[in-house]
>>> print(open('start-v5.cif').read())   # mmCIF, C-alpha atoms
data_protein
loop_
_atom_site.group_PDB
_atom_site.id
_atom_site.type_symbol
_atom_site.label_atom_id
_atom_site.label_comp_id
_atom_site.auth_asym_id
_atom_site.auth_seq_id
_atom_site.Cartn_x
_atom_site.Cartn_y
_atom_site.Cartn_z
ATOM 1 C CA MET A 1 0.000 0.000 0.000
ATOM 2 C CA SER A 2 2.750 2.397 0.972
ATOM 3 C CA ASP A 3 4.497 1.676 -2.352
ATOM 4 C CA GLU A 4 1.353 2.623 -4.263
ATOM 5 C CA ILE A 5 1.129 5.912 -2.400
ATOM 6 C CA LEU A 6 4.793 6.671 -3.027
ATOM 7 C CA ALA A 7 4.236 5.864 -6.703
ATOM 8 C CA ALA A 8 1.269 8.254 -6.811
ATOM 9 C CA ASN A 9 3.427 10.910 -5.177
ATOM 10 C CA GLN A 10 6.218 10.318 -7.679
ATOM 11 C CA ALA A 11 3.721 10.479 -10.582
ATOM 12 C CA PHE A 12 2.800 13.984 -9.441
ATOM 13 C CA TYR A 13 6.412 15.132 -9.736
ATOM 14 C CA GLU A 14 6.828 13.326 -13.052
ATOM 15 C CA ALA A 15 3.798 15.131 -14.510
ATOM 16 C CA PHE A 16 5.362 18.335 -13.227
ATOM 17 C CA ALA A 17 8.715 17.520 -14.827
ATOM 18 C CA ALA A 18 6.994 16.570 -18.090
ATOM 19 C CA GLU A 19 5.072 19.883 -17.986
ATOM 20 C CA ASP A 20 2.032 17.782 -18.905
ATOM 21 C CA SER A 21 -1.161 19.349 -17.593
ATOM 22 C CA GLU A 22 -3.411 16.556 -18.901
ATOM 23 C CA ARG A 23 -1.341 13.969 -17.063
ATOM 24 C CA MET A 24 -1.463 16.199 -13.990
ATOM 25 C CA ASP A 25 -5.247 16.483 -14.232
ATOM 26 C CA ALA A 26 -5.588 12.688 -14.355
ATOM 27 C CA LEU A 27 -3.751 12.352 -11.024
ATOM 28 C CA TRP A 28 -6.300 14.435 -9.088
ATOM 29 C CA ALA A 29 -9.522 13.180 -7.531
ATOM 30 C CA ARG A 30 -12.686 13.290 -9.627
ATOM 31 C CA ARG A 31 -15.281 13.048 -6.846
ATOM 32 C CA ALA A 32 -13.584 14.362 -3.712
ATOM 33 C CA PRO A 33 -13.171 18.149 -3.806
ATOM 34 C CA VAL A 34 -9.593 19.314 -4.278
ATOM 35 C CA THR A 35 -7.520 22.157 -2.877
ATOM 36 C CA CYS A 36 -3.994 23.435 -3.434
ATOM 37 C CA VAL A 37 -1.484 25.829 -1.912
ATOM 38 C CA HIS A 38 1.380 26.653 -4.261
ATOM 39 C CA PRO A 39 4.457 28.248 -2.640
ATOM 40 C CA GLY A 40 3.579 31.770 -1.554
ATOM 41 C CA TRP A 41 0.096 31.584 -3.053
ATOM 42 C CA PRO A 42 -3.208 31.855 -1.227
ATOM 43 C CA ALA A 43 -5.253 28.662 -1.000
ATOM 44 C CA LEU A 44 -7.020 27.505 -4.154
ATOM 45 C CA VAL A 45 -10.328 25.777 -3.427
ATOM 46 C CA GLY A 46 -12.072 23.690 -6.088
ATOM 47 C CA ARG A 47 -10.998 21.568 -9.017
ATOM 48 C CA VAL A 48 -11.507 24.246 -11.697
ATOM 49 C CA ARG A 49 -9.165 26.711 -9.983
ATOM 50 C CA VAL A 50 -6.601 24.094 -9.025
ATOM 51 C CA MET A 51 -6.373 22.678 -12.531
ATOM 52 C CA ALA A 52 -6.217 26.172 -14.038
ATOM 53 C CA SER A 53 -3.266 26.910 -11.749
ATOM 54 C CA PHE A 54 -1.410 23.804 -12.892
ATOM 55 C CA ARG A 55 -2.078 24.585 -16.545
ATOM 56 C CA ALA A 56 -0.723 28.086 -16.020
ATOM 57 C CA ILE A 57 2.368 26.788 -14.213
ATOM 58 C CA LEU A 58 3.094 23.853 -16.508
ATOM 59 C CA GLU A 59 2.418 25.639 -19.782
ATOM 60 C CA ASN A 60 4.710 28.504 -18.871
ATOM 61 C CA GLY A 61 7.775 26.340 -18.346
ATOM 62 C CA ALA A 62 7.736 24.884 -14.867
ATOM 63 C CA PRO A 63 11.086 24.755 -13.084
ATOM 64 C CA PRO A 64 12.374 21.206 -12.550
ATOM 65 C CA VAL A 65 11.248 19.924 -9.148
ATOM 66 C CA ARG A 66 12.749 16.863 -7.489
ATOM 67 C CA ALA A 67 11.024 15.166 -4.564
ATOM 68 C CA GLN A 68 13.200 13.786 -1.770
ATOM 69 C CA ASN A 69 12.757 12.079 1.608
ATOM 70 C CA PRO A 70 9.095 11.138 1.302
ATOM 71 C CA SER A 71 7.341 10.122 4.521
ATOM 72 C CA VAL A 72 4.062 8.292 3.980
ATOM 73 C CA GLN A 73 1.245 8.203 6.483
ATOM 74 C CA GLU A 74 -1.606 5.812 5.754
ATOM 75 C CA LEU A 75 -4.971 6.580 7.304
ATOM 76 C CA GLY A 76 -7.270 3.997 5.708
ATOM 77 C CA GLU A 77 -8.744 5.321 2.461
ATOM 78 C CA VAL A 78 -6.716 8.499 2.878
ATOM 79 C CA ALA A 79 -2.965 8.942 2.942
ATOM 80 C CA TYR A 80 -0.558 11.796 2.902
ATOM 81 C CA VAL A 81 3.062 12.243 2.002
ATOM 82 C CA VAL A 82 5.393 14.870 3.426
ATOM 83 C CA CYS A 83 8.438 15.330 1.217
ATOM 84 C CA ASP A 84 11.171 17.783 0.434
ATOM 85 C CA GLU A 85 11.149 19.512 -2.924
ATOM 86 C CA ARG A 86 14.335 20.732 -4.570
ATOM 87 C CA ILE A 87 13.939 23.429 -7.205
ATOM 88 C CA GLY A 88 17.428 24.359 -8.359
ATOM 89 C CA ARG A 89 19.135 25.473 -5.152
ATOM 90 C CA GLY A 90 15.802 26.207 -3.474
ATOM 91 C CA ARG A 91 14.404 23.903 -0.849
ATOM 92 C CA LEU A 92 10.721 23.480 -0.147
ATOM 93 C CA VAL A 93 8.606 21.066 1.818
ATOM 94 C CA ALA A 94 5.333 19.663 0.526
ATOM 95 C CA THR A 95 2.279 17.964 1.964
ATOM 96 C CA ASN A 96 0.433 15.847 -0.599
ATOM 97 C CA VAL A 97 -2.896 14.322 0.466
ATOM 98 C CA PHE A 98 -4.304 11.355 -1.442
ATOM 99 C CA VAL A 99 -7.671 9.615 -1.423
ATOM 100 C CA ARG A 100 -8.529 6.165 -2.720
ATOM 101 C CA GLU A 101 -10.905 6.492 -5.721
ATOM 102 C CA ASP A 102 -11.617 3.765 -8.288
ATOM 103 C CA ASP A 103 -8.735 1.668 -6.943
ATOM 104 C CA GLU A 104 -6.281 4.513 -7.472
ATOM 105 C CA TRP A 105 -4.613 6.899 -5.071
ATOM 106 C CA ARG A 106 -5.556 10.363 -6.306
ATOM 107 C CA LEU A 107 -4.485 13.765 -5.058
ATOM 108 C CA VAL A 108 -6.953 15.900 -3.149
ATOM 109 C CA HIS A 109 -4.503 18.467 -1.758
ATOM 110 C CA HIS A 110 -1.006 19.784 -2.407
ATOM 111 C CA HIS A 111 0.628 22.342 -0.117
ATOM 112 C CA ALA A 112 4.187 23.459 -0.770
ATOM 113 C CA GLY A 113 6.227 26.165 0.892
ATOM 114 C CA GLN A 114 9.800 27.273 1.212
ATOM 115 C CA VAL A 115 12.180 26.111 3.902
ATOM 116 C CA ALA A 116 14.438 28.782 5.331
ATOM 117 C CA ASP A 117 17.332 26.387 5.858
ATOM 118 C CA GLY A 118 18.348 23.266 7.752
ATOM 119 C CA GLU A 119 17.756 19.603 7.296
ATOM 120 C CA ARG A 120 14.738 17.478 8.024
ATOM 121 C CA VAL A 121 14.386 16.689 11.699
ATOM 122 C CA VAL A 122 13.265 13.179 12.570
ATOM 123 C CA ASP A 123 12.597 11.504 15.893
ATOM 124 C CA GLU A 124 15.314 9.118 17.042
ATOM 125 C CA PRO A 125 15.715 6.389 15.998
ATOM 126 C CA GLU A 126 15.604 7.589 12.426
ATOM 127 C CA PRO A 127 12.786 5.746 10.694
ATOM 128 C CA ASP A 128 14.435 5.292 7.286
ATOM 129 C CA ASP A 129 12.359 7.935 5.534
ATOM 130 C CA SER A 130 9.124 6.270 6.635
ATOM 131 C CA MET A 131 6.757 7.383 9.336
ATOM 132 C CA PRO A 132 7.507 6.157 12.838
ATOM 133 C CA SER A 133 5.366 3.248 13.951
ATOM 134 C CA PRO A 134 2.799 3.821 16.692
ATOM 135 C CA SER A 135 5.069 1.933 19.072
ATOM 136 C CA ASP A 136 7.633 4.735 18.680
ATOM 137 C CA LEU A 137 5.184 7.190 20.150
ATOM 138 C CA ASN A 138 4.660 8.287 23.693
ATOM 139 C CA MET B 1 -19.454 16.486 11.521
ATOM 140 C CA SER B 2 -18.063 19.519 9.787
ATOM 141 C CA ASP B 3 -18.786 21.594 12.907
ATOM 142 C CA GLU B 4 -16.768 19.176 15.035
ATOM 143 C CA ILE B 5 -13.826 19.458 12.674
ATOM 144 C CA LEU B 6 -14.020 23.243 12.651
ATOM 145 C CA ALA B 7 -14.153 23.154 16.463
ATOM 146 C CA ALA B 8 -11.029 20.951 16.545
ATOM 147 C CA ASN B 9 -9.317 23.371 14.192
ATOM 148 C CA GLN B 10 -10.321 26.314 16.356
ATOM 149 C CA ALA B 11 -9.092 24.502 19.492
ATOM 150 C CA PHE B 12 -5.647 24.295 17.882
ATOM 151 C CA TYR B 13 -5.497 28.077 17.482
ATOM 152 C CA GLU B 14 -6.885 28.600 20.973
ATOM 153 C CA ALA B 15 -4.153 26.430 22.500
ATOM 154 C CA PHE B 16 -1.694 28.482 20.471
ATOM 155 C CA ALA B 17 -3.178 31.781 21.722
ATOM 156 C CA ALA B 18 -3.166 30.462 25.301
ATOM 157 C CA GLU B 19 0.505 29.424 24.876
ATOM 158 C CA ASP B 20 -0.554 26.195 26.556
ATOM 159 C CA SER B 21 1.639 23.306 25.436
ATOM 160 C CA GLU B 22 -0.229 20.703 27.498
ATOM 161 C CA ARG B 23 -3.503 21.696 25.893
ATOM 162 C CA MET B 24 -1.762 21.598 22.519
ATOM 163 C CA ASP B 25 -0.427 18.096 23.208
ATOM 164 C CA ALA B 26 -3.933 16.855 24.041
ATOM 165 C CA LEU B 27 -5.198 17.930 20.614
ATOM 166 C CA TRP B 28 -2.773 15.681 18.705
ATOM 167 C CA ALA B 29 -3.301 12.024 17.825
ATOM 168 C CA ARG B 30 -2.045 9.387 20.254
ATOM 169 C CA ARG B 31 -1.953 6.373 17.962
ATOM 170 C CA ALA B 32 -1.575 7.768 14.450
ATOM 171 C CA PRO B 33 1.933 9.126 13.812
ATOM 172 C CA VAL B 34 2.130 12.902 13.590
ATOM 173 C CA THR B 35 4.072 15.337 11.445
ATOM 174 C CA CYS B 36 4.408 19.112 11.284
ATOM 175 C CA VAL B 37 5.792 21.825 9.046
ATOM 176 C CA HIS B 38 6.120 25.187 10.803
ATOM 177 C CA PRO B 39 6.568 28.221 8.530
ATOM 178 C CA GLY B 40 10.019 28.055 6.945
ATOM 179 C CA TRP B 41 10.977 24.960 8.930
ATOM 180 C CA PRO B 42 11.909 21.568 7.543
ATOM 181 C CA ALA B 43 9.404 18.782 8.157
ATOM 182 C CA LEU B 44 9.206 17.372 11.682
ATOM 183 C CA VAL B 45 8.378 13.665 11.726
ATOM 184 C CA GLY B 46 7.211 11.942 14.909
ATOM 185 C CA ARG B 47 5.290 12.972 18.003
ATOM 186 C CA VAL B 48 8.333 13.622 20.193
ATOM 187 C CA ARG B 49 9.813 16.169 17.798
ATOM 188 C CA VAL B 50 6.502 17.786 16.967
ATOM 189 C CA MET B 51 5.569 18.270 20.623
ATOM 190 C CA ALA B 52 9.048 19.564 21.440
ATOM 191 C CA SER B 53 8.641 22.148 18.676
ATOM 192 C CA PHE B 54 5.321 23.340 20.094
ATOM 193 C CA ARG B 55 6.737 23.535 23.595
ATOM 194 C CA ALA B 56 9.629 25.621 22.290
ATOM 195 C CA ILE B 57 7.308 27.917 20.348
ATOM 196 C CA LEU B 58 4.619 28.287 23.016
ATOM 197 C CA GLU B 59 6.947 28.655 25.973
ATOM 198 C CA ASN B 60 8.923 31.400 24.262
ATOM 199 C CA GLY B 61 5.954 33.674 23.721
ATOM 200 C CA ALA B 62 4.104 32.670 20.575
ATOM 201 C CA PRO B 63 2.833 35.518 18.421
ATOM 202 C CA PRO B 64 -0.971 35.777 18.351
ATOM 203 C CA VAL B 65 -2.334 33.795 15.416
ATOM 204 C CA ARG B 66 -5.885 34.141 14.147
ATOM 205 C CA ALA B 67 -7.421 31.556 11.813
ATOM 206 C CA GLN B 68 -9.727 32.782 9.058
ATOM 207 C CA ASN B 69 -11.676 31.349 6.124
ATOM 208 C CA PRO B 70 -11.526 27.682 7.083
ATOM 209 C CA SER B 71 -12.459 25.197 4.352
ATOM 210 C CA VAL B 72 -13.220 21.704 5.640
ATOM 211 C CA GLN B 73 -12.858 18.560 3.591
ATOM 212 C CA GLU B 74 -14.273 15.382 5.100
ATOM 213 C CA LEU B 75 -12.808 12.084 3.922
ATOM 214 C CA GLY B 76 -14.440 9.546 6.231
ATOM 215 C CA GLU B 77 -12.334 9.049 9.359
ATOM 216 C CA VAL B 78 -9.911 11.697 8.126
ATOM 217 C CA ALA B 79 -10.542 15.368 7.473
ATOM 218 C CA TYR B 80 -8.458 18.375 6.699
ATOM 219 C CA VAL B 81 -8.915 22.095 7.018
ATOM 220 C CA VAL B 82 -7.243 24.713 4.841
ATOM 221 C CA CYS B 83 -7.343 28.109 6.498
ATOM 222 C CA ASP B 84 -5.644 31.463 6.467
ATOM 223 C CA GLU B 85 -3.542 32.468 9.442
ATOM 224 C CA ARG B 86 -3.034 36.101 10.396
ATOM 225 C CA ILE B 87 -0.008 36.876 12.529
ATOM 226 C CA GLY B 88 0.054 40.624 13.030
ATOM 227 C CA ARG B 89 0.219 41.963 9.478
ATOM 228 C CA GLY B 90 1.612 38.677 8.157
ATOM 229 C CA ARG B 91 -0.546 36.293 6.190
ATOM 230 C CA LEU B 92 -0.017 32.564 6.080
ATOM 231 C CA VAL B 93 -1.993 29.607 4.883
ATOM 232 C CA ALA B 94 -2.271 26.365 6.819
ATOM 233 C CA THR B 95 -3.250 22.778 6.138
ATOM 234 C CA ASN B 96 -4.419 20.946 9.264
ATOM 235 C CA VAL B 97 -5.097 17.209 8.940
ATOM 236 C CA PHE B 98 -7.286 15.461 11.525
ATOM 237 C CA VAL B 99 -8.021 11.821 12.251
ATOM 238 C CA ARG B 100 -10.896 10.374 14.248
ATOM 239 C CA GLU B 101 -9.531 8.732 17.429
ATOM 240 C CA ASP B 102 -11.581 7.827 20.507
ATOM 241 C CA ASP B 103 -14.573 9.801 19.171
ATOM 242 C CA GLU B 104 -12.450 12.924 18.873
ATOM 243 C CA TRP B 105 -10.941 14.697 15.888
ATOM 244 C CA ARG B 106 -7.224 14.884 16.599
ATOM 245 C CA LEU B 107 -4.452 16.526 14.644
ATOM 246 C CA VAL B 108 -1.996 14.377 12.727
ATOM 247 C CA HIS B 109 -0.415 17.099 10.597
ATOM 248 C CA HIS B 110 -0.025 20.877 10.526
ATOM 249 C CA HIS B 111 1.657 22.660 7.635
ATOM 250 C CA ALA B 112 1.831 26.453 7.582
ATOM 251 C CA GLY B 113 3.635 28.772 5.207
ATOM 252 C CA GLN B 114 3.654 32.388 4.222
ATOM 253 C CA VAL B 115 1.531 33.884 1.493
ATOM 254 C CA ALA B 116 3.262 36.444 -0.679
ATOM 255 C CA ASP B 117 0.114 38.510 -1.158
ATOM 256 C CA GLY B 118 -3.400 38.369 -2.599
ATOM 257 C CA GLU B 119 -6.660 36.964 -1.439
ATOM 258 C CA ARG B 120 -7.967 33.430 -1.357
ATOM 259 C CA VAL B 121 -9.112 32.275 -4.756
ATOM 260 C CA VAL B 122 -12.267 30.164 -4.836
ATOM 261 C CA ASP B 123 -14.126 28.531 -7.709
ATOM 262 C CA GLU B 124 -17.290 30.322 -8.794
ATOM 263 C CA PRO B 125 -19.874 30.156 -7.373
ATOM 264 C CA GLU B 126 -18.289 31.003 -4.056
ATOM 265 C CA PRO B 127 -19.062 28.160 -1.670
ATOM 266 C CA ASP B 128 -19.448 30.230 1.506
ATOM 267 C CA ASP B 129 -16.101 29.238 2.973
ATOM 268 C CA SER B 130 -16.940 25.544 2.653
ATOM 269 C CA MET B 131 -15.595 23.095 0.139
ATOM 270 C CA PRO B 132 -17.423 22.849 -3.185
ATOM 271 C CA SER B 133 -19.735 19.869 -3.467
ATOM 272 C CA PRO B 134 -18.853 17.048 -5.858
ATOM 273 C CA SER B 135 -21.587 18.312 -8.212
ATOM 274 C CA ASP B 136 -19.548 21.513 -8.662
ATOM 275 C CA LEU B 137 -16.708 19.523 -10.116
ATOM 276 C CA ASN B 138 -15.965 18.648 -13.703
#
>>> encode(input="start-v5.cif", output="structure tokens")
Amino acid sequence: MSDEILAANQAFYEAFAAEDSERMDALWARRAPVTCVHPGWPALVGRVRVMASFRAILENGAPPVRAQNPSVQELGEVAYVVCDERIGRGRLVATNVFVREDDEWRLVHHHAGQVADGERVVDEPEPDDSMPSPSDLN
Amino acid sequence: MSDEILAANQAFYEAFAAEDSERMDALWARRAPVTCVHPGWPALVGRVRVMASFRAILENGAPPVRAQNPSVQELGEVAYVVCDERIGRGRLVATNVFVREDDEWRLVHHHAGQVADGERVVDEPEPDDSMPSPSDLN
């Protein structure tokens, strides 16, 4: 399950890299409402606005974005990934929320914002880029 | 249901305003792993780190944060709220993810980042600060 969610997360960044707005559209939920927060932007609410934003970004030459250090959290029919984004020398962090629709993990929310500096901070012991198990918690 | 989620979201900002780290701790999930992205910070993964970050922030005199324009999305036992945050004259946008545990909506993820400028953009017709219904979608 976690692999499928990571693959869905990676597909998002591949559609971005391919500057392919139709492929991007296909990755987002059809029935669940969708929302998006691009870096520095106000929140976009609703599929029409979110898809228009991706078309505008992707059709105007999107900068190459690489995703790193994904942490997956599975919550039944919902999952989210927190990952770093590298854009050139810039460093951002993203939250990508997915919902299970038609046997596929589809995006319902993307929120990305800049990181001032520093590395990811993870509870000890380091959970190998995955979420800590409940037994790690207090 | 939506009211309960909005109340849980509001409780988060009230614990922040009260600079009460114990109250903050009580609002976060016990069993589901938790994650957090403070504005400009790298991702924090795991309850120990996330709670330590809130203690550090709240015990050092947190700036007053007001939440505005919450949009709730319900996804079964998971829900998330996208809302604006006002800190003095600063404007941020936050994603707060909640999970149902022990008949309570508890936080599993908070991600906040600055907005460069502008107002929230919402699909027409404006859905009164709520999410659009599936029938609004393409």
>>> atom_distance(input="start-v5.cif", atom1="CA of Gly61 in chain A", atom2="CA of Ile87 in chain A")
13.1 Å
>>> residues_around(input="start-v5.cif", residues="Glu104 in chain B", least_positions_apart="4", cutoff="10 Å", atoms="only C-alpha atoms", output="MDAnalysis selection string")
chainID B and resid 4:5 8 27 29 98:100
>>> residues_around(input="start-v5.cif", residues="Ala116 in chain A", least_positions_apart="2", cutoff="7 Å", atoms="all atoms listed in the file", output="list in words")
Gln114 of chain A; Gly40 and Trp41 of chain B
>>> residues_around(input="start-v5.cif", residues="Phe12 in chain B", least_positions_apart="4", cutoff="12 Å", atoms="only C-alpha atoms", output="VMD selection string")
chain B and resid 5 to 8 16 to 28 54 65 to 67 81 85 94 96 to 98 105 to 110
>>> closest_residue(input="start-v5.cif", among="A:Ala62, A:Glu14, A:His38, A:Arg89", to="chain B", atoms="only C-alpha atoms")
A:His38
>>> atom_distance(input="start-v5.cif", atom1="CA of Ala15 in chain A", atom2="CA of Met51 in chain A")
12.8 Å
>>> atom_distance(input="start-v5.cif", atom1="CA of Val78 in chain B", atom2="CA of Pro63 in chain B")
28.9 Å
>>> residues_near_point(input="start-v5.cif", point="(-1.8, 28.4, 4.8)", cutoff="7 Å", atoms="all atoms listed in the file", output="PDB file with C-alpha atoms, in the coordinates of the input")
ATOM      1  CA  ALA A  43      -5.253  28.662  -1.000  1.00  0.00           C
TER       2      ALA A  43
ATOM      3  CA  VAL B  82      -7.243  24.713   4.841  1.00  0.00           C
ATOM      4  CA  CYS B  83      -7.343  28.109   6.498  1.00  0.00           C
ATOM      5  CA  ASP B  84      -5.644  31.463   6.467  1.00  0.00           C
ATOM      6  CA  GLU B  85      -3.542  32.468   9.442  1.00  0.00           C
ATOM      7  CA  LEU B  92      -0.017  32.564   6.080  1.00  0.00           C
ATOM      8  CA  VAL B  93      -1.993  29.607   4.883  1.00  0.00           C
ATOM      9  CA  ALA B  94      -2.271  26.365   6.819  1.00  0.00           C
ATOM     10  CA  THR B  95      -3.250  22.778   6.138  1.00  0.00           C
ATOM     11  CA  ALA B 112       1.831  26.453   7.582  1.00  0.00           C
ATOM     12  CA  GLY B 113       3.635  28.772   5.207  1.00  0.00           C
ATOM     13  CA  GLN B 114       3.654  32.388   4.222  1.00  0.00           C
TER      14      GLN B 114
END
>>> closest_residue(input="start-v5.cif", among="A:Ala52, A:Leu58, A:Ala32, A:Val45", to="Pro70 in chain B", atoms="only C-alpha atoms")
A:Val45
>>> closest_residue(input="start-v5.cif", among="A:Glu59, A:Gln68, A:Glu101, A:Leu75", to="chain B", atoms="all atoms listed in the file")
A:Leu75
>>> closest_residue(input="start-v5.cif", among="B:Val37, B:Ala56, B:Ala11, B:Met1", to="chain A", atoms="all atoms listed in the file")
B:Val37
>>> axis_aligned_box(input="start-v5.cif", around="range 18-37 of chain B", padding_each_side="8 Å", output="AutoDock Vina command-line options")
--center_x 0.3 --center_y 18.4 --center_z 18.3 --size_x 27.0 --size_y 40.1 --size_z 34.5
>>> decode(input="start-v5.cif", residues="range 93-120 of chain A", atoms="N, CA and C atoms", output="mmCIF file, in the first residue's frame")
data_model
loop_
_atom_site.group_PDB
_atom_site.id
_atom_site.type_symbol
_atom_site.label_atom_id
_atom_site.label_comp_id
_atom_site.auth_asym_id
_atom_site.auth_seq_id
_atom_site.Cartn_x
_atom_site.Cartn_y
_atom_site.Cartn_z
ATOM 1 N N VAL A 93 9.188 22.274 1.247
ATOM 2 C CA VAL A 93 8.606 21.066 1.818
ATOM 3 C C VAL A 93 7.145 21.027 1.382
ATOM 4 N N ALA A 94 6.688 19.816 1.054
ATOM 5 C CA ALA A 94 5.333 19.663 0.526
ATOM 6 C C ALA A 94 4.553 18.651 1.339
ATOM 7 N N THR A 95 3.255 18.925 1.452
ATOM 8 C CA THR A 95 2.279 17.964 1.964
ATOM 9 C C THR A 95 1.375 17.596 0.794
ATOM 10 N N ASN A 96 1.305 16.319 0.482
ATOM 11 C CA ASN A 96 0.433 15.847 -0.599
ATOM 12 C C ASN A 96 -0.557 14.845 -0.023
ATOM 13 N N VAL A 97 -1.848 15.180 -0.103
ATOM 14 C CA VAL A 97 -2.896 14.322 0.466
ATOM 15 C C VAL A 97 -3.569 13.547 -0.662
ATOM 16 N N PHE A 98 -3.726 12.248 -0.439
ATOM 17 C CA PHE A 98 -4.304 11.355 -1.442
ATOM 18 C C PHE A 98 -5.550 10.675 -0.891
ATOM 19 N N VAL A 99 -6.478 10.382 -1.798
ATOM 20 C CA VAL A 99 -7.671 9.615 -1.423
ATOM 21 C C VAL A 99 -7.790 8.446 -2.395
ATOM 22 N N ARG A 100 -8.343 7.352 -1.896
ATOM 23 C CA ARG A 100 -8.529 6.165 -2.720
ATOM 24 C C ARG A 100 -9.827 6.323 -3.514
ATOM 25 N N GLU A 101 -9.726 6.380 -4.828
ATOM 26 C CA GLU A 101 -10.905 6.492 -5.721
ATOM 27 C C GLU A 101 -10.706 5.527 -6.867
ATOM 28 N N ASP A 102 -11.696 4.670 -7.133
ATOM 29 C CA ASP A 102 -11.617 3.765 -8.288
ATOM 30 C C ASP A 102 -10.318 2.957 -8.272
ATOM 31 N N ASP A 103 -9.947 2.481 -7.085
ATOM 32 C CA ASP A 103 -8.735 1.668 -6.943
ATOM 33 C C ASP A 103 -7.444 2.403 -7.279
ATOM 34 N N GLU A 104 -7.508 3.731 -7.256
ATOM 35 C CA GLU A 104 -6.281 4.513 -7.472
ATOM 36 C C GLU A 104 -6.126 5.513 -6.340
ATOM 37 N N TRP A 105 -4.890 5.814 -6.014
ATOM 38 C CA TRP A 105 -4.613 6.899 -5.071
ATOM 39 C C TRP A 105 -4.552 8.202 -5.862
ATOM 40 N N ARG A 106 -5.501 9.093 -5.576
ATOM 41 C CA ARG A 106 -5.556 10.363 -6.306
ATOM 42 C C ARG A 106 -5.374 11.536 -5.359
ATOM 43 N N LEU A 107 -4.736 12.569 -5.854
ATOM 44 C CA LEU A 107 -4.485 13.765 -5.058
ATOM 45 C C LEU A 107 -5.773 14.515 -4.727
ATOM 46 N N VAL A 108 -5.896 14.948 -3.496
ATOM 47 C CA VAL A 108 -6.953 15.900 -3.149
ATOM 48 C C VAL A 108 -6.368 17.230 -2.682
ATOM 49 N N HIS A 109 -5.085 17.229 -2.296
ATOM 50 C CA HIS A 109 -4.503 18.467 -1.758
ATOM 51 C C HIS A 109 -2.993 18.439 -1.907
ATOM 52 N N HIS A 110 -2.462 19.576 -2.340
ATOM 53 C CA HIS A 110 -1.006 19.784 -2.407
ATOM 54 C C HIS A 110 -0.727 21.109 -1.715
ATOM 55 N N HIS A 111 0.233 21.103 -0.808
ATOM 56 C CA HIS A 111 0.628 22.342 -0.117
ATOM 57 C C HIS A 111 2.144 22.367 -0.091
ATOM 58 N N ALA A 112 2.724 23.346 -0.754
ATOM 59 C CA ALA A 112 4.187 23.459 -0.770
ATOM 60 C C ALA A 112 4.610 24.845 -0.317
ATOM 61 N N GLY A 113 5.704 24.885 0.426
ATOM 62 C CA GLY A 113 6.227 26.165 0.892
ATOM 63 C C GLY A 113 7.717 26.079 1.113
ATOM 64 N N GLN A 114 8.341 27.236 1.111
ATOM 65 C CA GLN A 114 9.800 27.273 1.212
ATOM 66 C C GLN A 114 10.304 26.963 2.617
ATOM 67 N N VAL A 115 11.474 26.364 2.646
ATOM 68 C CA VAL A 115 12.180 26.111 3.902
ATOM 69 C C VAL A 115 13.306 27.132 3.998
ATOM 70 N N ALA A 116 13.409 27.758 5.154
ATOM 71 C CA ALA A 116 14.438 28.782 5.331
ATOM 72 C C ALA A 116 15.830 28.160 5.215
ATOM 73 N N ASP A 117 16.058 27.091 5.930
ATOM 74 C CA ASP A 117 17.332 26.387 5.858
ATOM 75 C C ASP A 117 17.223 25.122 6.692
ATOM 76 N N GLY A 118 18.330 24.415 6.840
ATOM 77 C CA GLY A 118 18.348 23.266 7.752
ATOM 78 C C GLY A 118 17.883 21.994 7.100
ATOM 79 N N GLU A 119 18.111 20.929 7.781
ATOM 80 C CA GLU A 119 17.756 19.603 7.296
ATOM 81 C C GLU A 119 16.493 19.115 7.984
ATOM 82 N N ARG A 120 15.918 18.089 7.414
ATOM 83 C CA ARG A 120 14.738 17.478 8.024
ATOM 84 C C ARG A 120 15.080 16.948 9.407
#
